[in-house]
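Please read the structure below before turning to the comments.
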Amino acid sequence: MAQGLSLVIAPKTLLLSPRRGITGEVVLPGSKSISNRVLLLAALAKGSTRLVRLLKSDDTEVMIQSLQRLGVAIDVSPPDGAIQVTGCNGVFSQTGSTAHPIQLFVGNSGLTIRTLLPALVVAMARTGGCVDISGVARMHERPIQDLVDGCRAIGAKIDYLGQPGFPPLRVEGVPLRVAPAITVRGDTSSQYLTGLLQAAPILARQWGQPVRVKVEGELISQPYVEMTRSVMARFGVPVKRETGAELVYAIAPTEIIAPEEFAVEGDASSASYFLAAGAIGHGPVRVVGVGRDSVQGDIHFAQALEKMGAQIQWGPDWIESSCHEPAADAHPMEEDLVHRMPHHLRGVDLDCNAIPDAAMTLAVCGLFAAGPTTLRNIGSWRVKETDRIAAVAAECERLGARVESGHDWIRIHPPQALLPATIQTYDDHRMAMSFSLASFGNTAIRIDDPGCVAKTFPEYFEALSGLCAQAVPVLTIDGPTASGKGTIASQVAAELGFGYLDSGALYRIAALAAQQEGIDLKDERALTSKATTMELEFQGQTALLDGVSVGEAIRQEQVGLMASQIAVFPSLRQALMLRQRDFARLPGLVADGRDMGTVVFPHARLKVFLTATPRARAERRYKQLIDKGFSANLDSLSADLEARDARDASRAVAPLKPASGAVVIDSTDLSINEVVQAVVNAWHQVSVKQTGRLT
Ligand code: C5P
């Protein structure tokens, strides 16, 4: 994971159980590419811009922090989640000196360094100053020479502080020479051109004449340049493409004007994982935030997927994918899904120059195709977060595929069946996200360093598991302590032949693990870290914590009380969410707890809220404890239960309450069997209504 950036605590590896299906709708996080363009333009603009739905991730964080160090006022705290940037009108107020350079850290964000560099060169031409830019180790291996050469040609003073041709860099503010054109190569990264274009309006005003930027060599990833032009247009800066044999863009002396508000589109590259999942795992899956009207080139991934055999539908701001098979059956028999190894896509041979990022997702789709998939013109993969051609090849081979590759192409021959594997992610968010799709291949997959997704999509795995859970029939039973949920839920599960999740056990285990390590029960961060990283395994109903059975230990009242104390912390609840959703497997799941129907499985087919009078519940718990040989006192149990209910019902996150549409059952005067039958009957009724079948 990027050094010291992300506040998200992530486990070392993440186990993804084999998935059979996926369905539902995901609202995409903001586009990384648009977010970082708009942040810099808003910072350079005259006036103030409110940025709505800006991506919150490692890459935007390094851009925000860098701009703040240069004196730009960025308020990240407006209550509605928007961000307010007060533009510096082309003059950074803090630029340091050679004795005390400003230190900027850009992590592993190529776009940040490649757009900030020309902006600094231009903005400091009048003010002087000295700024050092560095990043993580991989950033210091990513080329930047073409851009540095382009800037030096107009007099910029830029020094390499490490390897020539690579960051870290030192930029000193010096006056720039007027030139008929700034020349930059386009065949390594289109980000160089984007950087020069974004800085050009300020330079043109200094020069009092248009700035012309000439591209040498083939321009790769062209749609990203169109995105730059479109975002700049929103800031009142037209970028003209000159006619003629050479590729030249011209920017007249223009003020960059803050558009007051800028709403960021969803991220089209992030959309690719869900669209692919919809094709591999039957779908339909709808991504919301990008669609027909998007300015992002990666939406064309959907057409590539269509060539592989997926069905795609387009809306103005959504795209939906599903697969042709099974032919006309909207509700495939669950048994079919259990046994089918998805191999229903077609192999393709594609030029992926225009969709370099989303093309990685195509490579993983290739594992599920009937023939080989060849992706061409992807040389830029070699200089991304990692050498992506080598990385994709290695991980596809690990899964059993045969792979051929050259300097700018890769061919994947899918295996008959995927091998279980731990996927290496090379500190590359797209490796983690694209290879998570291998979990649709009838085998469990482990993702190494899953936290690297924080670069662009910190909540990726939660979103994916949420959609996968929607493809599984789920019945939730929530209710207060000792309402009989556990007994009822496990018997209903047995009757339906479904799996069973006792979510309270996870909170209890987290509490026990914290207690064993002497963690303060008020220390949210330490508790969350423990809940995230604890090694937990279920063998049937036996829970093993770090290999030791804790079935008995967690049943103690005191552990239940501790569980309810730590359950108030949002980040801890979030940490346990993935583990809970992982229980949603075919043929179905019965889950009991406090927020199963409201938060963890909001799309459950049936939601039950089970309750009983406080006295009846205290008596049941008393009997349970005495039967198990624990000592107990009815009055103090009663008081404890009420305290616990009050805490569970009044906490800010996921308070205990019936989910909307829940069937409420008061079990005070009912036998266990009566309640079980009532729940099973309700299940059959909704199942018949929704699917035409009993389960
Ligand atoms: O159900 P059980 O008594 O085992 O749960 C222990 C505690 O864990 C509860 O009092 C509650 O505070 C917390 N919990 C929760 N959400 C769940 C399950 C349990 O907050 N889904």
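All residue names refer to the structure tokens as shown: chains lettered A, B, ... in order, residues numbered from 1 in each chain, ligands numbered from 1 in order.
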message: Can you work out which residues are within 8 Å of ligand 1, considering only C-alpha atoms and all ligand atoms, and then hand them over as a PyMOL selection string?
response: chain A and resi 478+480-482+485-486+502-508+555+559-568+573+592-596+644-645+647-648+654-656
query: Could you name the residues that touch range 280-293 of chain A at 9 Å or less, counting only C-alpha atoms, but leaving out those on the same chain fewer than 5 positions away, as a count of residues only?
result: 48
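If only C-alpha atoms are the atoms counted, then among A:Met431, A:Leu586, A:Ala469, A:Ala358 the closest residue to Ala393 in chain A is A:Met431.
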- request: Would you mind telling me which residue in A:Leu111, A:Thr95, A:Arg398, A:Gly150 lies nearest to Asp132 in chain A when using only C-alpha atoms?
  value: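 Once distances to Asp132 in chain A are computed over only C-alpha atoms, the minimum belongs to A:Thr95.
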- prompt: Hey, what's within 12 Å of Gly217 in chain A if we count only C-alpha atoms and toss same-chain stuff fewer than 3 positions away? As a list in words, please?
  reply: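 Returned residues: Asp146, Thr183, Val184, Arg185, Gly186, Asp187, Thr188, Ser189, Ser190, Lys214, Ile220, Glu246, Leu247 and Val248 of chain A.
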task: Return the single residue from A:Gly244, A:Arg138, A:Asn377, A:Ala304 that is closest to Ser221 in chain A, with distances computed using only C-alpha atoms.
output: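 For Ser221 in chain A, the nearest of the given residues is A:Asn377.
Take the candidates A:Pro175, A:Leu589, A:Gly87, A:Pro167 and check each one against Ala125 in chain A using only C-alpha atoms; the shortest distance goes to A:Pro175.
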task: Would you please extract all strand (DSSP E) residues from range 420-469 of chain A, as assigned by DSSP on the backbone, and give them as number ranges by chain?
output: A: 421-423, 445-448
- prompt: Quick one: residues within 12 Å of Glu535 in chain A, only C-alpha atoms counted, chain neighbours fewer than 3 positions away excluded, as a list in words?
  reply: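 Counting only the stated atoms, we get Pro11, Lys12, Thr13, Leu14, Leu15, Leu506, Ile509, Ala510, Ala513, Ser529, Lys530, Ala531, Thr532, Phe538, Ala543, Leu544, Leu545, Asp546, Gly547, Val548, Ser549 and Arg579 of chain A.
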- prompt: Which polymer residues have any atom within 10 Å of an atom of Phe601 in chain A, counting only C-alpha atoms, with same-chain residues fewer than 6 positions away left out, as number ranges by chain?
  reply: A: 466-467, 469-470, 474-476, 577, 580-581, 584, 591, 595, 607
Next, dump the selected residues to file, keeping only N, CA and C atoms, as a compact mmCIF listing (two decimals), in the first residue's frame.
```
# COMPACT_ATOMS: atom_id res chain seq x y z
N GLY A 466 -21.07 -6.87 -1.83
CA GLY A 466 -22.48 -6.51 -1.71
C GLY A 466 -23.27 -7.00 -2.91
N LEU A 467 -22.72 -6.84 -4.11
CA LEU A 467 -23.43 -7.29 -5.32
C LEU A 467 -23.46 -8.81 -5.42
N ALA A 469 -23.52 -10.81 -2.93
CA ALA A 469 -24.50 -11.28 -1.94
C ALA A 469 -25.92 -11.17 -2.50
N GLN A 470 -26.12 -10.20 -3.39
CA GLN A 470 -27.47 -10.03 -3.94
C GLN A 470 -27.88 -11.16 -4.88
N VAL A 474 -31.11 -14.58 0.48
CA VAL A 474 -30.74 -14.33 1.88
C VAL A 474 -31.99 -14.04 2.70
N LEU A 475 -32.03 -14.62 3.89
CA LEU A 475 -33.11 -14.38 4.85
C LEU A 475 -32.46 -13.80 6.09
N THR A 476 -32.87 -12.62 6.52
CA THR A 476 -32.24 -12.01 7.69
C THR A 476 -33.19 -12.06 8.89
N MET A 577 -17.94 -6.18 8.01
CA MET A 577 -18.93 -6.30 6.93
C MET A 577 -18.52 -7.33 5.87
N GLN A 580 -18.83 -10.80 6.93
CA GLN A 580 -20.22 -11.26 7.01
C GLN A 580 -20.77 -11.56 5.62
N ARG A 581 -20.50 -10.66 4.67
CA ARG A 581 -21.05 -10.88 3.32
C ARG A 581 -20.47 -12.12 2.66
N ALA A 584 -22.54 -15.24 2.31
CA ALA A 584 -23.64 -15.36 1.34
C ALA A 584 -23.20 -16.26 0.18
N ALA A 591 -29.15 -15.22 8.06
CA ALA A 591 -28.20 -14.43 8.85
C ALA A 591 -28.93 -13.78 10.01
N ASP A 595 -28.21 -5.82 12.40
CA ASP A 595 -28.30 -4.96 11.20
C ASP A 595 -28.20 -5.79 9.93
N LYS A 607 -36.90 -10.28 5.29
CA LYS A 607 -36.31 -9.73 6.51
C LYS A 607 -37.29 -9.96 7.66
```
